[in-house]
file run_23.cif (mmCIF, C-alpha atoms)
data_data
#
loop_
_atom_site.group_PDB
_atom_site.id
_atom_site.type_symbol
_atom_site.label_atom_id
_atom_site.label_comp_id
_atom_site.auth_asym_id
_atom_site.auth_seq_id
_atom_site.Cartn_x
_atom_site.Cartn_y
_atom_site.Cartn_z
ATOM 1 C CA MET K 1 68.006 83.619 121.635
ATOM 2 C CA LYS K 2 70.954 85.997 121.134
ATOM 3 C CA ILE K 3 73.542 83.272 121.522
ATOM 4 C CA ARG K 4 71.961 81.278 118.744
ATOM 5 C CA ASN K 5 72.154 84.344 116.489
ATOM 6 C CA TYR K 6 75.870 84.695 117.250
ATOM 7 C CA LEU K 7 76.536 81.062 116.335
ATOM 8 C CA VAL K 8 74.431 81.325 113.191
ATOM 9 C CA ALA K 9 76.523 84.360 112.244
ATOM 10 C CA ILE K 10 79.691 82.265 112.573
ATOM 11 C CA ALA K 11 78.184 79.576 110.336
ATOM 12 C CA LEU K 12 77.128 82.131 107.716
ATOM 13 C CA LEU K 13 80.620 83.613 107.688
ATOM 14 C CA MET K 14 82.105 80.162 107.081
ATOM 15 C CA VAL K 15 79.668 79.435 104.257
ATOM 16 C CA SER K 16 80.204 82.816 102.591
ATOM 17 C CA GLU K 17 83.965 82.182 102.556
ATOM 18 C CA VAL K 18 83.588 79.208 100.242
ATOM 19 C CA SER K 19 82.232 81.293 97.381
ATOM 20 C CA ALA K 20 84.027 84.560 98.053
ATOM 21 C CA SER K 21 87.601 83.590 98.855
ATOM 22 C CA GLU K 22 88.666 81.957 95.594
ATOM 23 C CA PRO K 23 88.614 85.025 93.284
ATOM 24 C CA GLY K 24 90.350 87.201 95.893
ATOM 25 C CA GLY K 25 93.003 84.564 96.487
ATOM 26 C CA LYS K 26 94.126 84.615 92.856
ATOM 27 C CA LYS K 27 95.350 88.212 92.702
ATOM 28 C CA PRO K 28 99.153 88.149 93.098
ATOM 29 C CA GLN K 29 100.857 89.792 96.027
ATOM 30 C CA TRP K 30 103.135 91.810 93.734
ATOM 31 C CA LEU K 31 100.071 93.489 92.259
ATOM 32 C CA SER K 32 98.553 94.265 95.647
ATOM 33 C CA LYS K 33 101.773 95.640 97.164
ATOM 34 C CA GLY K 34 102.909 97.450 94.038
ATOM 35 C CA GLU K 35 106.189 98.593 92.502
ATOM 36 C CA THR K 36 107.476 100.474 95.566
ATOM 37 C CA TYR K 37 107.493 97.298 97.650
ATOM 38 C CA LEU K 38 109.111 95.264 94.860
ATOM 39 C CA ASN K 39 111.834 97.853 94.258
ATOM 40 C CA SER K 40 112.720 97.787 97.953
ATOM 41 C CA GLN K 41 113.651 94.093 97.537
ATOM 42 C CA ARG K 42 116.351 94.688 94.893
ATOM 43 C CA SER K 43 120.012 94.094 95.660
ATOM 44 C CA ASN K 44 121.164 96.834 93.250
ATOM 45 C CA ASP K 45 119.950 99.867 91.289
ATOM 46 C CA THR K 46 120.918 98.726 87.792
ATOM 47 C CA TYR K 47 117.282 97.794 87.210
ATOM 48 C CA TYR K 48 113.795 98.530 88.527
ATOM 49 C CA PHE K 49 110.393 96.833 88.542
ATOM 50 C CA LYS K 50 107.563 98.151 86.385
ATOM 51 C CA ILE K 51 103.945 96.960 86.179
ATOM 52 C CA ILE K 52 102.208 97.556 82.837
ATOM 53 C CA GLN K 53 98.452 97.058 82.576
ATOM 54 C CA ASN K 54 95.890 97.140 79.802
ATOM 55 C CA VAL K 55 92.259 96.235 79.101
ATOM 56 C CA GLY K 56 90.836 94.539 76.032
ATOM 57 C CA SER K 57 88.908 91.598 74.624
ATOM 58 C CA ASP K 58 91.854 89.730 73.060
ATOM 59 C CA LEU K 59 94.353 88.346 75.566
ATOM 60 C CA THR K 60 97.048 87.704 72.921
ATOM 61 C CA ALA K 61 96.760 91.248 71.635
ATOM 62 C CA LEU K 62 96.985 92.571 75.192
ATOM 63 C CA ARG K 63 100.241 90.712 75.776
ATOM 64 C CA GLN K 64 101.742 92.126 72.598
ATOM 65 C CA GLY K 65 100.368 95.574 73.352
ATOM 66 C CA ASN K 66 101.894 95.552 76.816
ATOM 67 C CA THR K 67 105.358 95.142 75.299
ATOM 68 C CA ALA K 68 104.753 98.207 73.130
ATOM 69 C CA ALA K 69 103.418 100.070 76.179
ATOM 70 C CA LEU K 70 106.579 99.150 78.100
ATOM 71 C CA ALA K 71 108.766 100.502 75.288
ATOM 72 C CA ASP K 72 106.715 103.705 75.245
ATOM 73 C CA TYR K 73 107.153 104.062 79.012
ATOM 74 C CA ILE K 74 110.925 103.493 78.777
ATOM 75 C CA GLY K 75 111.237 106.118 76.030
ATOM 76 C CA LYS K 76 109.332 108.727 78.033
ATOM 77 C CA ARG K 77 111.059 107.909 81.312
ATOM 78 C CA ASN K 78 114.524 108.285 79.808
ATOM 79 C CA GLN K 79 113.568 111.069 77.365
ATOM 80 C CA VAL K 80 114.815 109.183 74.325
ATOM 81 C CA GLN K 81 113.259 109.347 70.893
ATOM 82 C CA GLY K 82 113.611 107.563 67.616
ATOM 83 C CA LEU K 83 112.629 104.374 65.860
ATOM 84 C CA GLU K 84 112.075 101.741 68.525
ATOM 85 C CA MET K 85 112.908 98.123 67.774
ATOM 86 C CA THR K 86 112.175 95.300 70.198
ATOM 87 C CA GLU K 87 113.861 91.910 70.147
ATOM 88 C CA MET K 88 112.610 89.070 72.326
ATOM 89 C CA SER K 89 114.366 85.862 73.309
ATOM 90 C CA ASN K 90 113.187 82.941 75.434
ATOM 91 C CA MET K 91 115.395 81.253 78.003
ATOM 92 C CA GLN K 92 114.420 77.971 79.629
ATOM 93 C CA SER K 93 114.326 78.131 83.417
ATOM 94 C CA GLN K 94 116.956 76.286 85.414
ATOM 95 C CA GLY K 95 116.115 72.629 85.955
ATOM 96 C CA GLY K 96 114.452 72.175 82.583
ATOM 97 C CA GLY K 97 110.965 73.147 83.731
ATOM 98 C CA VAL K 98 108.252 74.362 81.414
ATOM 99 C CA ARG K 99 108.560 77.972 82.612
ATOM 100 C CA THR K 100 110.478 80.212 80.205
ATOM 101 C CA GLN K 101 111.902 83.657 80.744
ATOM 102 C CA GLU K 102 111.115 86.284 78.122
ATOM 103 C CA ASN K 103 113.970 88.747 77.670
ATOM 104 C CA TYR K 104 113.663 91.970 75.677
ATOM 105 C CA GLN K 105 116.176 94.299 74.077
ATOM 106 C CA MET K 106 114.636 97.646 73.138
ATOM 107 C CA VAL K 107 116.611 99.876 70.792
ATOM 108 C CA PHE K 108 115.792 103.558 70.245
ATOM 109 C CA LYS K 109 117.687 104.863 67.220
ATOM 110 C CA ASN K 110 117.743 108.316 65.672
ATOM 111 C CA SER K 111 120.259 110.399 63.701
ATOM 112 C CA PHE K 112 122.057 111.462 66.882
ATOM 113 C CA SER K 113 122.189 108.430 69.158
ATOM 114 C CA THR K 114 121.289 104.814 69.733
ATOM 115 C CA ASP K 115 119.922 103.860 73.154
ATOM 116 C CA VAL K 116 119.532 100.270 74.239
ATOM 117 C CA PHE K 117 117.484 99.091 77.235
ATOM 118 C CA TYR K 118 116.972 95.592 78.565
ATOM 119 C CA ALA K 119 113.925 94.048 80.192
ATOM 120 C CA THR K 120 112.680 90.670 81.328
ATOM 121 C CA LEU K 121 109.128 89.502 81.977
ATOM 122 C CA VAL K 122 108.939 88.396 85.626
ATOM 123 C CA ASP K 123 105.265 87.436 85.916
ATOM 124 C CA GLN K 124 101.819 88.156 84.465
ATOM 125 C CA TYR K 125 98.226 88.076 85.632
ATOM 126 C CA TRP K 126 94.835 88.667 84.073
ATOM 127 C CA GLU K 127 91.224 88.656 85.214
ATOM 128 C CA ARG K 128 87.774 89.079 83.723
ATOM 129 C CA VAL K 129 86.078 92.446 84.214
ATOM 130 C CA GLU K 130 82.575 93.532 83.254
ATOM 131 C CA SER K 131 82.039 96.822 81.433
ATOM 132 C CA SER K 132 79.505 98.543 79.225
ATOM 133 C CA PHE K 133 81.252 96.842 76.279
ATOM 134 C CA GLY K 134 80.774 93.399 77.786
ATOM 135 C CA SER K 135 83.251 91.028 79.391
ATOM 136 C CA LEU K 136 86.896 92.096 78.968
ATOM 137 C CA TYR K 137 90.334 91.084 80.175
ATOM 138 C CA GLN K 138 92.284 93.201 82.650
ATOM 139 C CA TYR K 139 95.899 92.240 81.961
ATOM 140 C CA TYR K 140 98.952 93.007 84.099
ATOM 141 C CA ALA K 141 102.603 92.269 83.331
ATOM 142 C CA LEU K 142 105.511 92.682 85.748
ATOM 143 C CA TYR K 143 108.866 93.551 84.162
ATOM 144 C CA ALA K 144 112.395 94.102 85.413
ATOM 145 C CA VAL K 145 113.898 96.949 83.348
ATOM 146 C CA SER K 146 117.446 98.291 83.055
ATOM 147 C CA THR K 147 117.878 101.695 84.666
ATOM 148 C CA SER K 148 120.248 103.233 82.113
ATOM 149 C CA SER K 149 120.970 102.869 78.427
ATOM 150 C CA GLY K 150 123.687 100.623 77.076
ATOM 151 C CA SER K 151 124.970 98.840 80.181
ATOM 152 C CA GLN K 152 123.730 95.370 81.002
ATOM 153 C CA PRO K 153 121.654 95.350 84.204
ATOM 154 C CA VAL K 154 122.519 92.951 87.013
ATOM 155 C CA PHE K 155 119.128 91.323 87.401
ATOM 156 C CA ASP K 156 118.515 89.501 90.650
ATOM 157 C CA ARG K 157 117.110 85.991 90.666
ATOM 158 C CA PHE K 158 113.312 86.045 90.502
ATOM 159 C CA GLU K 159 111.283 83.111 91.807
ATOM 160 C CA VAL K 160 107.515 83.032 91.393
ATOM 161 C CA SER K 161 106.129 81.278 94.470
ATOM 162 C CA ARG K 162 102.926 80.670 96.398
ATOM 163 C CA SER K 163 104.719 79.365 99.475
ATOM 164 C CA TYR K 164 105.137 81.537 102.575
ATOM 165 C CA GLY K 165 106.981 79.228 104.966
ATOM 166 C CA ALA K 166 106.011 78.724 108.620
ATOM 167 C CA ALA K 167 105.111 82.353 109.418
ATOM 168 C CA PRO K 168 101.414 82.145 108.332
ATOM 169 C CA VAL K 169 100.916 78.958 110.365
ATOM 170 C CA LEU K 170 102.222 80.590 113.543
ATOM 171 C CA MET K 171 100.207 83.749 112.895
ATOM 172 C CA SER K 172 96.996 81.752 112.370
ATOM 173 C CA VAL K 173 96.691 81.108 116.097
ATOM 174 C CA ILE K 174 94.815 84.393 115.668
ATOM 175 C CA PRO K 175 92.281 83.198 113.079
ATOM 176 C CA GLY K 176 92.681 84.958 109.738
ATOM 177 C CA ALA K 177 96.047 86.597 110.470
ATOM 178 C CA GLY K 178 98.002 84.024 108.470
ATOM 179 C CA GLN K 179 95.547 84.225 105.585
ATOM 180 C CA LEU K 180 95.884 88.018 105.449
ATOM 181 C CA TYR K 181 99.674 87.610 105.438
ATOM 182 C CA LYS K 182 99.373 85.270 102.439
ATOM 183 C CA GLY K 183 97.207 87.746 100.534
ATOM 184 C CA GLN K 184 93.914 85.870 101.022
ATOM 185 C CA LYS K 185 92.033 88.924 102.209
ATOM 186 C CA VAL K 186 88.448 87.676 101.928
ATOM 187 C CA LYS K 187 89.204 84.423 103.723
ATOM 188 C CA GLY K 188 91.304 86.221 106.331
ATOM 189 C CA PHE K 189 88.624 88.770 107.181
ATOM 190 C CA VAL K 190 85.977 86.016 107.298
ATOM 191 C CA MET K 191 88.023 84.023 109.794
ATOM 192 C CA MET K 192 88.900 87.074 111.842
ATOM 193 C CA GLY K 193 85.244 88.142 111.907
ATOM 194 C CA GLY K 194 84.212 84.650 112.984
ATOM 195 C CA ALA K 195 86.786 84.728 115.786
ATOM 196 C CA VAL K 196 85.465 88.090 117.019
ATOM 197 C CA VAL K 197 81.904 86.769 117.032
ATOM 198 C CA GLY K 198 83.041 83.604 118.809
ATOM 199 C CA ALA K 199 84.984 85.517 121.468
ATOM 200 C CA ALA K 200 82.028 87.844 122.027
ATOM 201 C CA SER K 201 79.740 84.821 122.413
ATOM 202 C CA ILE K 202 82.044 83.234 124.996
ATOM 203 C CA ILE K 203 82.255 86.447 127.026
ATOM 204 C CA TYR K 204 78.500 87.056 126.873
ATOM 205 C CA THR K 205 77.488 83.518 127.832
ATOM 206 C CA SER K 206 80.098 83.356 130.616
ATOM 207 C CA ASN K 207 78.814 86.627 132.082
ATOM 208 C CA ARG K 208 75.185 85.486 131.940
ATOM 209 C CA ARG K 209 76.070 82.139 133.523
ATOM 210 C CA ALA K 210 77.900 83.928 136.358
ATOM 211 C CA TYR K 211 74.924 86.295 136.792
ATOM 212 C CA TYR K 212 72.448 83.432 137.314
ATOM 213 C CA GLU K 213 74.904 81.617 139.559
ATOM 214 C CA THR K 214 74.891 84.702 141.783
ATOM 215 C CA ARG K 215 71.085 84.974 141.654
ATOM 216 C CA ILE K 216 70.748 81.363 142.873
ATOM 217 C CA ALA K 217 72.701 82.242 146.011
ATOM 218 C CA GLU K 218 70.855 85.534 146.552
ATOM 219 C CA GLN K 219 67.309 84.283 145.913
ATOM 220 C CA PRO K 220 67.064 80.560 146.794
ATOM 221 C CA LYS K 221 63.307 80.495 146.222
ATOM 222 C CA PHE K 222 63.939 80.990 142.497
ATOM 223 C CA ALA K 223 66.851 78.556 142.461
ATOM 224 C CA ARG K 224 65.136 76.093 140.138
ATOM 225 C CA GLU K 225 64.362 78.703 137.484
ATOM 226 C CA TYR K 226 67.793 80.325 137.770
ATOM 227 C CA SER K 227 69.519 76.946 137.648
ATOM 228 C CA LYS K 228 67.879 76.157 134.321
ATOM 229 C CA LYS K 229 68.978 79.495 132.840
ATOM 230 C CA ARG K 230 72.499 78.970 134.219
ATOM 231 C CA ASP K 231 72.652 75.519 132.637
ATOM 232 C CA ASP K 232 71.380 76.874 129.316
ATOM 233 C CA PHE K 233 74.084 79.539 129.222
ATOM 234 C CA THR K 234 76.663 76.950 130.261
ATOM 235 C CA THR K 235 75.662 74.860 127.235
ATOM 236 C CA TRP K 236 75.813 77.826 124.852
ATOM 237 C CA ARG K 237 79.164 78.892 126.313
ATOM 238 C CA ASN K 238 80.580 75.428 125.682
ATOM 239 C CA ILE K 239 79.237 75.458 122.128
ATOM 240 C CA ALA K 240 80.799 78.883 121.529
ATOM 241 C CA ILE K 241 84.138 77.671 122.927
ATOM 242 C CA GLY K 242 84.000 74.593 120.688
ATOM 243 C CA ALA K 243 83.093 76.593 117.572
ATOM 244 C CA THR K 244 85.814 79.167 118.206
ATOM 245 C CA GLY K 245 88.358 76.432 118.888
ATOM 246 C CA ALA K 246 87.370 74.708 115.634
ATOM 247 C CA LEU K 247 87.845 78.026 113.834
ATOM 248 C CA VAL K 248 91.377 78.315 115.250
ATOM 249 C CA VAL K 249 92.199 74.760 114.106
ATOM 250 C CA TRP K 250 90.733 75.472 110.654
ATOM 251 C CA SER K 251 92.768 78.671 110.393
ATOM 252 C CA VAL K 252 96.036 76.910 111.271
ATOM 253 C CA LEU K 253 95.427 73.935 108.945
ATOM 254 C CA ASP K 254 94.335 76.190 106.107
ATOM 255 C CA ALA K 255 97.454 78.357 106.491
ATOM 256 C CA ALA K 256 99.626 75.244 106.423
ATOM 257 C CA MET K 257 97.985 73.459 103.486
ATOM 258 C CA THR K 258 96.602 76.003 101.011
ATOM 259 C CA PRO K 259 98.820 78.081 98.700
ATOM 260 C CA GLY K 260 98.782 81.836 99.114
ATOM 261 C CA ALA K 261 98.702 84.600 96.541
ATOM 262 C CA THR K 262 101.514 84.510 93.987
ATOM 263 C CA ARG K 263 104.537 86.471 95.154
ATOM 264 C CA ILE K 264 107.974 87.242 93.786
ATOM 265 C CA GLU K 265 111.000 86.136 95.776
ATOM 266 C CA VAL K 266 113.946 88.383 94.922
ATOM 267 C CA SER K 267 117.439 87.152 95.778
ATOM 268 C CA PRO K 268 120.901 88.190 94.530
ATOM 269 C CA SER K 269 122.011 86.164 91.532
ATOM 270 C CA THR K 270 125.312 84.333 91.451
ATOM 271 C CA SER K 271 127.100 83.891 88.150
ATOM 272 C CA LEU K 272 130.550 83.458 86.664
ATOM 273 C CA THR K 273 131.123 85.588 83.568
ATOM 274 C CA ILE K 274 133.981 86.232 81.144
ATOM 275 C CA ARG K 275 134.354 89.887 80.221
ATOM 276 C CA PRO K 276 136.668 91.608 77.695
ATOM 277 C CA THR K 277 139.155 94.046 79.160
ATOM 278 C CA VAL K 278 141.809 96.512 78.053
ATOM 279 C CA MET K 279 145.149 96.492 79.880
ATOM 280 C CA ASN K 280 147.176 99.684 79.788
ATOM 281 C CA THR K 281 150.877 99.559 80.704
ATOM 282 C CA PRO K 282 153.593 102.161 80.255
ATOM 283 C CA ASP K 283 155.012 100.158 77.351
ATOM 284 C CA ALA K 284 151.965 98.770 75.549
ATOM 285 C CA VAL K 285 148.252 98.363 75.318
ATOM 286 C CA GLY K 286 146.879 94.839 75.436
ATOM 287 C CA PHE K 287 143.519 93.149 75.148
ATOM 288 C CA GLY K 288 142.403 90.194 77.204
ATOM 289 C CA THR K 289 139.619 88.703 79.312
ATOM 290 C CA THR K 290 138.773 88.648 82.995
ATOM 291 C CA LEU K 291 136.702 86.287 85.073
ATOM 292 C CA ALA K 292 134.051 88.010 87.197
ATOM 293 C CA PHE K 293 131.994 86.345 89.902
ATOM 294 C CA ASP K 294 128.806 88.261 90.691
ATOM 295 C CA PHE K 295 127.118 87.511 94.015
#
call {"tool": "encode", "arguments": {"input": "run_23.cif", "output": "structure tokens"}}
result
Amino acid sequence: MKIRNYLVAIALLMVSEVSASEPGGKKPQWLSKGETYLNSQRSNDTYYFKIIQNVGSDLTALRQGNTAALADYIGKRNQVQGLEMTEMSNMQSQGGGVRTQENYQMVFKNSFSTDVFYATLVDQYWERVESSFGSLYQYYALYAVSTSSGSQPVFDRFEVSRSYGAAPVLMSVIPGAGQLYKGQKVKGFVMMGGAVVGAASIIYTSNRRAYYETRIAEQPKFAREYSKKRDDFTTWRNIAIGATGALVVWSVLDAAMTPGATRIEVSPSTSLTIRPTVMNTPDAVGFGTTLAFDF
């Protein structure tokens, strides 16, 4: 029966989600949306986001190579040449957590000038890829990089999160919408496809039930046969309604309980700094310090 095929299709979609959703759910949102989206979140133009990627068999070598690739990109972007030196420092995240922030100072020095650029590693991601050379790593690193040479950039505060608040839960009344919002594309499309199949099943069975209800009134001599068909379609309609309702509940609970793809929350940083200053007066020149509150 067609209705049975529809319901089997829903079940197959649910089963296929179990094996297909996990790999797709791991890719971070910042990689899917790209640099343009990230740069639109900045509070200032003293820095920009840059994604560097590389492929290789040694993950440690890829991480080191990405730093060199970043320096090469900065040199070409700003048209600076010379001996490039990179210094890295680690800063413990606020609250004493295990996450550290890698900061870089890249110096390009030649006989005419010395250019200094600053960068910080915001997040990283890697995955296994198959090639003719065997299994390799595809490695991505997200950096915040100073726009111009010399001046310290005003980096925003970067938080790596897998939380999306209440929005996905509310959106998941339409099965799959919240999952798509959280970057879980495979799971989202599976749920949305199941909801379409379920809605189609409800409409089809309701129409067939109404058709046989009409036939009972028009041809009473076949009432017994038509009544059985009407009851069958009533049963399948109720099953379709129950399955679709369960899919909606699953979508809402899943959106509320499971973490989404990693994303970067960008918010203006607040800090109190002491800066040297030169004070010019008609009578003298003095040196001192100023307090600056950045927000």
call {"tool": "resolve_selection", "arguments": {"input": "run_23.cif", "expression": "the PyMOL selection byres ((chain K and resi 152) around 10)", "output": "list of chain:residue names"}}
result
K:Thr46, K:Tyr47, K:Val116, K:Phe117, K:Tyr118, K:Ala119, K:Ser146, K:Thr147, K:Ser148, K:Ser149, K:Gly150, K:Ser151, K:Pro153, K:Val154, K:Phe155
call {"tool": "residues_around", "arguments": {"input": "run_23.cif", "residues": "range 256-272 of chain K", "least_positions_apart": "2", "cutoff": "9 Å", "atoms": "all atoms listed in the file", "output": "PyMOL selection string"}}
result
chain K and resi 24-31+38+41-44+122-123+154-166+168-169+179+181-184+251-254+274+291-295
call {"tool": "closest_residue", "arguments": {"input": "run_23.cif", "among": "K:Ser206, K:Ser32, K:Asn110, K:Thr214", "to": "Tyr125 in chain K", "atoms": "all atoms listed in the file"}}
result
K:Ser32
call {"tool": "residues_near_point", "arguments": {"input": "run_23.cif", "point": "(110.8, 102.3, 78.4)", "cutoff": "10 Å", "atoms": "only C-alpha atoms", "output": "number ranges by chain"}}
result
K: 50, 67-80, 84, 106-108, 116-119, 145-147
call {"tool": "atom_distance", "arguments": {"input": "run_23.cif", "atom1": "CA of Leu59 in chain K", "atom2": "CA of Leu136 in chain K"}}
result
9.0 Å
call {"tool": "atom_distance", "arguments": {"input": "run_23.cif", "atom1": "CA of Leu170 in chain K", "atom2": "CA of Trp236 in chain K"}}
result
28.9 Å
call {"tool": "closest_residue", "arguments": {"input": "run_23.cif", "among": "K:Val55, K:Ala61, K:Ile203, K:Ala255", "to": "Ile174 in chain K", "atoms": "all atoms listed in the file"}}
result
K:Ala255
call {"tool": "closest_residue", "arguments": {"input": "run_23.cif", "among": "K:Gln81, K:Ser201, K:Ser135, K:Gln124", "to": "Ser111 in chain K", "atoms": "all atoms listed in the file"}}
result
K:Gln81
call {"tool": "atom_distance", "arguments": {"input": "run_23.cif", "atom1": "CA of Thr120 in chain K", "atom2": "CA of Tyr143 in chain K"}}
result
5.6 Å
